[in-house]
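What follows is the content of run-v1.txt, which has compact mmCIF, N, CA, C and O atoms:
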```txt
# COMPACT_ATOMS: atom_id res chain seq x y z
N MET A 1 8.42 11.76 13.40
CA MET A 1 7.61 10.79 12.69
C MET A 1 6.58 11.49 11.82
O MET A 1 5.60 10.90 11.43
N LEU A 2 6.80 12.74 11.52
CA LEU A 2 5.88 13.48 10.67
C LEU A 2 6.01 13.05 9.21
O LEU A 2 5.00 13.01 8.48
N LEU A 3 7.20 12.70 8.77
CA LEU A 3 7.42 12.33 7.38
C LEU A 3 6.65 11.07 6.97
O LEU A 3 5.99 11.08 5.92
N PRO A 4 6.67 9.98 7.74
CA PRO A 4 5.86 8.82 7.35
C PRO A 4 4.36 9.13 7.29
O PRO A 4 3.66 8.65 6.40
N THR A 5 3.88 9.94 8.21
CA THR A 5 2.46 10.31 8.20
C THR A 5 2.13 11.14 6.98
O THR A 5 1.10 10.92 6.33
N ALA A 6 2.99 12.08 6.64
CA ALA A 6 2.77 12.91 5.46
C ALA A 6 2.81 12.07 4.19
O ALA A 6 2.00 12.26 3.27
N ALA A 7 3.74 11.13 4.12
CA ALA A 7 3.82 10.24 2.95
C ALA A 7 2.57 9.39 2.83
O ALA A 7 2.01 9.22 1.75
N PHE A 8 2.11 8.84 3.97
CA PHE A 8 0.88 8.05 3.96
C PHE A 8 -0.30 8.87 3.47
O PHE A 8 -1.09 8.40 2.64
N LEU A 9 -0.45 10.08 3.97
CA LEU A 9 -1.56 10.92 3.55
C LEU A 9 -1.47 11.30 2.07
O LEU A 9 -2.48 11.32 1.37
N ALA A 10 -0.26 11.58 1.59
CA ALA A 10 -0.09 11.95 0.19
C ALA A 10 -0.43 10.78 -0.73
O ALA A 10 -1.16 10.95 -1.72
N PHE A 11 0.09 9.60 -0.43
CA PHE A 11 -0.21 8.44 -1.26
C PHE A 11 -1.68 8.06 -1.18
O PHE A 11 -2.29 7.70 -2.18
N SER A 12 -2.28 8.15 0.00
CA SER A 12 -3.70 7.83 0.14
C SER A 12 -4.57 8.81 -0.63
O SER A 12 -5.55 8.41 -1.27
N ALA A 13 -4.22 10.09 -0.58
CA ALA A 13 -4.97 11.09 -1.33
C ALA A 13 -4.84 10.86 -2.84
O ALA A 13 -5.83 10.96 -3.57
N ALA A 14 -3.64 10.54 -3.29
CA ALA A 14 -3.44 10.28 -4.72
C ALA A 14 -4.21 9.04 -5.16
O ALA A 14 -4.84 9.02 -6.23
N ALA A 15 -4.19 8.00 -4.34
CA ALA A 15 -4.92 6.78 -4.68
C ALA A 15 -6.43 7.03 -4.69
O ALA A 15 -7.15 6.53 -5.56
N THR A 16 -6.91 7.79 -3.73
CA THR A 16 -8.33 8.11 -3.67
C THR A 16 -8.75 8.91 -4.90
O THR A 16 -9.78 8.62 -5.52
N TYR A 17 -7.94 9.89 -5.27
CA TYR A 17 -8.25 10.71 -6.44
C TYR A 17 -8.31 9.88 -7.71
O TYR A 17 -9.28 9.97 -8.48
N THR A 18 -7.29 9.06 -7.94
CA THR A 18 -7.28 8.27 -9.17
C THR A 18 -8.37 7.20 -9.16
O THR A 18 -8.94 6.90 -10.21
N ASP A 19 -8.67 6.65 -7.99
CA ASP A 19 -9.71 5.63 -7.90
C ASP A 19 -11.08 6.24 -8.17
O ASP A 19 -11.91 5.64 -8.88
N LEU A 20 -11.34 7.42 -7.64
CA LEU A 20 -12.63 8.07 -7.89
C LEU A 20 -12.75 8.56 -9.33
O LEU A 20 -13.83 8.54 -9.91
N ARG A 21 -11.64 8.99 -9.89
CA ARG A 21 -11.66 9.55 -11.24
C ARG A 21 -11.76 8.48 -12.32
O ARG A 21 -12.54 8.61 -13.26
N SER A 22 -10.96 7.42 -12.20
CA SER A 22 -10.92 6.42 -13.27
C SER A 22 -11.28 5.01 -12.80
O SER A 22 -11.17 4.07 -13.58
N ARG A 23 -11.66 4.87 -11.52
CA ARG A 23 -11.99 3.57 -10.93
C ARG A 23 -10.82 2.60 -11.02
O ARG A 23 -10.98 1.40 -11.22
N MET A 24 -9.59 3.17 -10.89
CA MET A 24 -8.38 2.37 -10.98
C MET A 24 -7.26 3.05 -10.17
O MET A 24 -7.14 4.26 -10.20
N ILE A 25 -6.49 2.24 -9.46
CA ILE A 25 -5.30 2.74 -8.77
C ILE A 25 -4.11 2.24 -9.57
O ILE A 25 -3.91 1.03 -9.69
N PRO A 26 -3.32 3.15 -10.16
CA PRO A 26 -2.22 2.70 -11.03
C PRO A 26 -1.14 1.92 -10.28
O PRO A 26 -0.87 2.16 -9.10
N ASP A 27 -0.54 0.97 -10.99
CA ASP A 27 0.51 0.15 -10.39
C ASP A 27 1.70 0.98 -9.93
O ASP A 27 2.27 0.70 -8.88
N TRP A 28 2.08 1.99 -10.70
CA TRP A 28 3.24 2.79 -10.32
C TRP A 28 3.01 3.46 -8.97
O TRP A 28 3.95 3.62 -8.19
N LEU A 29 1.76 3.83 -8.68
CA LEU A 29 1.46 4.46 -7.40
C LEU A 29 1.55 3.43 -6.27
O LEU A 29 2.14 3.69 -5.21
N ASN A 30 1.02 2.24 -6.50
CA ASN A 30 1.08 1.19 -5.48
C ASN A 30 2.51 0.78 -5.17
O ASN A 30 2.90 0.65 -4.01
N TYR A 31 3.30 0.57 -6.21
CA TYR A 31 4.68 0.11 -6.00
C TYR A 31 5.55 1.20 -5.38
O TYR A 31 6.40 0.92 -4.55
N SER A 32 5.32 2.44 -5.77
CA SER A 32 6.09 3.52 -5.15
C SER A 32 5.70 3.69 -3.68
O SER A 32 6.55 3.99 -2.83
N PHE A 33 4.43 3.48 -3.37
CA PHE A 33 3.97 3.55 -1.97
C PHE A 33 4.61 2.42 -1.16
O PHE A 33 5.07 2.64 -0.03
N LEU A 34 4.67 1.24 -1.73
CA LEU A 34 5.29 0.11 -1.04
C LEU A 34 6.77 0.37 -0.78
O LEU A 34 7.27 0.17 0.33
N LEU A 35 7.48 0.85 -1.79
CA LEU A 35 8.90 1.13 -1.62
C LEU A 35 9.14 2.27 -0.63
O LEU A 35 10.08 2.21 0.18
N ALA A 36 8.29 3.29 -0.68
CA ALA A 36 8.44 4.39 0.28
C ALA A 36 8.19 3.91 1.70
O ALA A 36 8.91 4.31 2.63
N GLY A 37 7.20 3.05 1.89
CA GLY A 37 6.91 2.53 3.22
C GLY A 37 8.05 1.71 3.79
O GLY A 37 8.45 1.87 4.94
N VAL A 38 8.61 0.84 2.96
CA VAL A 38 9.74 0.02 3.41
C VAL A 38 10.97 0.91 3.65
O VAL A 38 11.67 0.75 4.64
N GLY A 39 11.20 1.85 2.75
CA GLY A 39 12.35 2.76 2.90
C GLY A 39 12.25 3.63 4.14
O GLY A 39 13.22 3.79 4.88
N LEU A 40 11.07 4.19 4.38
CA LEU A 40 10.90 5.02 5.57
C LEU A 40 10.98 4.19 6.84
O LEU A 40 11.52 4.64 7.85
N GLY A 41 10.46 2.96 6.80
CA GLY A 41 10.58 2.08 7.96
C GLY A 41 12.03 1.76 8.25
O GLY A 41 12.46 1.75 9.41
N TYR A 42 12.80 1.50 7.21
CA TYR A 42 14.23 1.23 7.39
C TYR A 42 14.96 2.45 7.92
O TYR A 42 15.82 2.35 8.79
N TYR A 43 14.62 3.62 7.40
CA TYR A 43 15.28 4.85 7.82
C TYR A 43 14.99 5.18 9.29
O TYR A 43 15.89 5.56 10.04
N PHE A 44 13.73 5.07 9.69
CA PHE A 44 13.35 5.47 11.04
C PHE A 44 13.54 4.37 12.08
O PHE A 44 13.76 4.67 13.25
N ILE A 45 13.44 3.11 11.69
CA ILE A 45 13.52 2.03 12.67
C ILE A 45 14.81 1.23 12.51
O ILE A 45 15.35 0.72 13.47
N GLY A 46 15.30 1.09 11.31
CA GLY A 46 16.52 0.33 11.06
C GLY A 46 16.22 -1.04 10.47
O GLY A 46 15.11 -1.31 10.03
N GLU A 47 17.24 -1.87 10.45
CA GLU A 47 17.10 -3.19 9.85
C GLU A 47 16.05 -4.04 10.56
O GLU A 47 15.50 -4.96 9.97
N ALA A 48 15.81 -3.76 11.80
CA ALA A 48 14.82 -4.54 12.55
C ALA A 48 13.42 -4.39 11.95
O ALA A 48 12.55 -5.21 12.20
N ALA A 49 13.20 -3.34 11.13
CA ALA A 49 11.88 -3.12 10.54
C ALA A 49 11.65 -3.97 9.30
O ALA A 49 10.51 -4.16 8.90
N LEU A 50 12.71 -4.49 8.69
CA LEU A 50 12.53 -5.17 7.41
C LEU A 50 11.81 -6.51 7.54
O LEU A 50 10.92 -6.82 6.75
N ALA A 51 12.15 -7.32 8.52
CA ALA A 51 11.51 -8.63 8.66
C ALA A 51 10.03 -8.50 9.04
O ALA A 51 9.18 -9.12 8.40
N PRO A 52 9.69 -7.68 10.04
CA PRO A 52 8.26 -7.53 10.34
C PRO A 52 7.48 -6.89 9.20
O PRO A 52 6.33 -7.25 8.95
N ALA A 53 8.11 -5.96 8.49
CA ALA A 53 7.42 -5.33 7.36
C ALA A 53 7.16 -6.35 6.27
O ALA A 53 6.07 -6.38 5.69
N GLY A 54 8.11 -7.21 6.00
CA GLY A 54 7.92 -8.25 4.99
C GLY A 54 6.83 -9.22 5.39
O GLY A 54 5.99 -9.61 4.58
N ALA A 55 6.81 -9.60 6.66
CA ALA A 55 5.77 -10.51 7.15
C ALA A 55 4.40 -9.84 7.09
O ALA A 55 3.41 -10.47 6.70
N ALA A 56 4.34 -8.57 7.45
CA ALA A 56 3.06 -7.86 7.42
C ALA A 56 2.55 -7.73 5.99
O ALA A 56 1.35 -7.89 5.75
N ILE A 57 3.44 -7.48 5.05
CA ILE A 57 3.02 -7.37 3.65
C ILE A 57 2.43 -8.68 3.18
O ILE A 57 1.38 -8.71 2.52
N ILE A 58 3.07 -9.79 3.52
CA ILE A 58 2.57 -11.10 3.08
C ILE A 58 1.22 -11.41 3.72
O ILE A 58 0.29 -11.85 3.04
N ILE A 59 1.07 -11.15 5.01
CA ILE A 59 -0.19 -11.44 5.70
C ILE A 59 -1.30 -10.54 5.17
O ILE A 59 -2.40 -11.02 4.86
N TRP A 60 -1.04 -9.26 5.03
CA TRP A 60 -2.06 -8.33 4.55
C TRP A 60 -2.42 -8.63 3.11
O TRP A 60 -3.57 -8.52 2.71
N PHE A 61 -1.42 -8.99 2.30
CA PHE A 61 -1.70 -9.31 0.91
C PHE A 61 -2.56 -10.57 0.81
O PHE A 61 -3.47 -10.63 -0.02
N ALA A 62 -2.30 -11.56 1.66
CA ALA A 62 -3.11 -12.78 1.65
C ALA A 62 -4.57 -12.46 1.98
O ALA A 62 -5.49 -12.97 1.32
N PHE A 63 -4.79 -11.62 2.97
CA PHE A 63 -6.15 -11.21 3.30
C PHE A 63 -6.79 -10.45 2.15
O PHE A 63 -7.94 -10.72 1.77
N ALA A 64 -6.07 -9.50 1.59
CA ALA A 64 -6.61 -8.69 0.50
C ALA A 64 -6.88 -9.55 -0.73
O ALA A 64 -7.87 -9.33 -1.44
N TYR A 65 -6.02 -10.52 -0.99
CA TYR A 65 -6.24 -11.41 -2.13
C TYR A 65 -7.50 -12.25 -1.94
O TYR A 65 -8.24 -12.49 -2.89
N LEU A 66 -7.76 -12.65 -0.71
CA LEU A 66 -8.98 -13.38 -0.42
C LEU A 66 -10.21 -12.51 -0.72
O LEU A 66 -11.17 -12.98 -1.33
N VAL A 67 -10.16 -11.27 -0.28
CA VAL A 67 -11.28 -10.35 -0.56
C VAL A 67 -11.42 -10.15 -2.07
O VAL A 67 -12.53 -10.09 -2.60
N TYR A 68 -10.30 -10.06 -2.78
CA TYR A 68 -10.32 -9.94 -4.25
C TYR A 68 -10.98 -11.16 -4.88
O TYR A 68 -11.82 -11.03 -5.77
N ARG A 69 -10.60 -12.34 -4.43
CA ARG A 69 -11.16 -13.58 -5.00
C ARG A 69 -12.65 -13.71 -4.70
O ARG A 69 -13.38 -14.31 -5.48
N LEU A 70 -13.10 -13.12 -3.61
CA LEU A 70 -14.52 -13.15 -3.28
C LEU A 70 -15.30 -12.06 -4.01
O LEU A 70 -16.51 -11.98 -3.88
N GLY A 71 -14.60 -11.22 -4.76
CA GLY A 71 -15.25 -10.18 -5.58
C GLY A 71 -15.46 -8.85 -4.88
O GLY A 71 -16.17 -7.99 -5.39
N GLY A 72 -14.83 -8.67 -3.74
CA GLY A 72 -15.01 -7.44 -2.99
C GLY A 72 -14.15 -6.28 -3.45
O GLY A 72 -14.54 -5.12 -3.33
N TRP A 73 -12.97 -6.58 -3.96
CA TRP A 73 -12.03 -5.55 -4.39
C TRP A 73 -11.49 -5.87 -5.77
O TRP A 73 -11.53 -7.01 -6.22
N ALA A 74 -10.92 -4.83 -6.38
CA ALA A 74 -10.19 -5.00 -7.64
C ALA A 74 -8.70 -5.17 -7.33
O ALA A 74 -8.28 -5.03 -6.19
N GLY A 75 -7.91 -5.46 -8.35
CA GLY A 75 -6.48 -5.73 -8.16
C GLY A 75 -5.70 -4.57 -7.58
O GLY A 75 -4.81 -4.76 -6.75
N GLY A 76 -5.99 -3.35 -8.01
CA GLY A 76 -5.28 -2.18 -7.49
C GLY A 76 -5.54 -1.97 -6.01
O GLY A 76 -4.66 -1.55 -5.27
N ASP A 77 -6.76 -2.27 -5.59
CA ASP A 77 -7.09 -2.14 -4.17
C ASP A 77 -6.29 -3.13 -3.34
O ASP A 77 -5.85 -2.82 -2.23
N VAL A 78 -6.10 -4.33 -3.86
CA VAL A 78 -5.33 -5.35 -3.16
C VAL A 78 -3.89 -4.89 -2.99
O VAL A 78 -3.32 -4.98 -1.89
N LYS A 79 -3.29 -4.39 -4.05
CA LYS A 79 -1.89 -3.93 -3.97
C LYS A 79 -1.76 -2.72 -3.05
O LYS A 79 -0.79 -2.61 -2.30
N PHE A 80 -2.73 -1.83 -3.09
CA PHE A 80 -2.67 -0.66 -2.21
C PHE A 80 -2.79 -1.08 -0.76
O PHE A 80 -2.08 -0.58 0.11
N PHE A 81 -3.67 -2.01 -0.46
CA PHE A 81 -3.84 -2.50 0.90
C PHE A 81 -2.56 -3.17 1.38
O PHE A 81 -2.16 -3.00 2.53
N ALA A 82 -1.92 -3.94 0.51
CA ALA A 82 -0.66 -4.58 0.89
C ALA A 82 0.44 -3.54 1.13
O ALA A 82 1.28 -3.71 2.01
N ALA A 83 0.41 -2.45 0.37
CA ALA A 83 1.42 -1.40 0.54
C ALA A 83 1.23 -0.66 1.86
O ALA A 83 2.17 -0.06 2.37
N LEU A 84 0.04 -0.70 2.43
CA LEU A 84 -0.20 -0.05 3.72
C LEU A 84 0.48 -0.79 4.87
O LEU A 84 0.63 -0.22 5.95
N ALA A 85 0.84 -2.04 4.67
CA ALA A 85 1.38 -2.88 5.75
C ALA A 85 2.62 -2.31 6.42
O ALA A 85 2.70 -2.31 7.65
N PRO A 86 3.65 -1.88 5.68
CA PRO A 86 4.85 -1.44 6.40
C PRO A 86 4.55 -0.23 7.21
O PRO A 86 5.05 0.08 8.18
```
Please express what this file holds, its structure, as structure tokens.
Amino acid sequence: MLLPTAAFLAFSAAATYTDLRSRMIPDWLNYSFLLAGVGLGYYFIGEAALAPAGAAIIIWFAFAYLVYRLGGWAGGDVKFFAALAP
């Protein structure tokens, strides 16, 4: 399970760097993180990981969207938080 942890750390470091540098997390980084999370979950856990991962993404995104609507986060932060779900 070292690969998912390394991927998480790499994507988090890249998001932190771009957020601190330009106050923005690019969409390509968020979407690639989401796809990598779902792909790694499927690889390590199997098809049983897809339904819970999808549900977690929806629930986490709903929470993050609420924080966005309240003015706490920007759009890139919401997508990054949702990508953390799988």
- All helix (DSSP H, G or I) positions in chain A, as a PyMOL selection string: chain A and resi 2-22+27-45+47-69+75-83
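In this model, the gap between atom N of Ile25 (chain A) and atom N of Gly37 (chain A) comes to 17.8 Å.
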- Task: Excluding Phe33 (chain A) and any residue of its chain fewer than 6 positions from it, enumerate the residues within 7 Å of it, using only N, CA, C and O atoms, and give them as a ChimeraX atom specification.
- Result: /A:11,27,39,83-84
- Item | Close residues, Pro4 (chain A) itself excluded, 8 Å, only N, CA, C and O atoms, min 2 positions apart in chain, as a ChimeraX atom specification | /A:1-2,6-11,36-37,40-41
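With CA of Trp60 (chain A) on one side and CA of Lys79 (chain A) on the other, the separation reads 9.6 Å.
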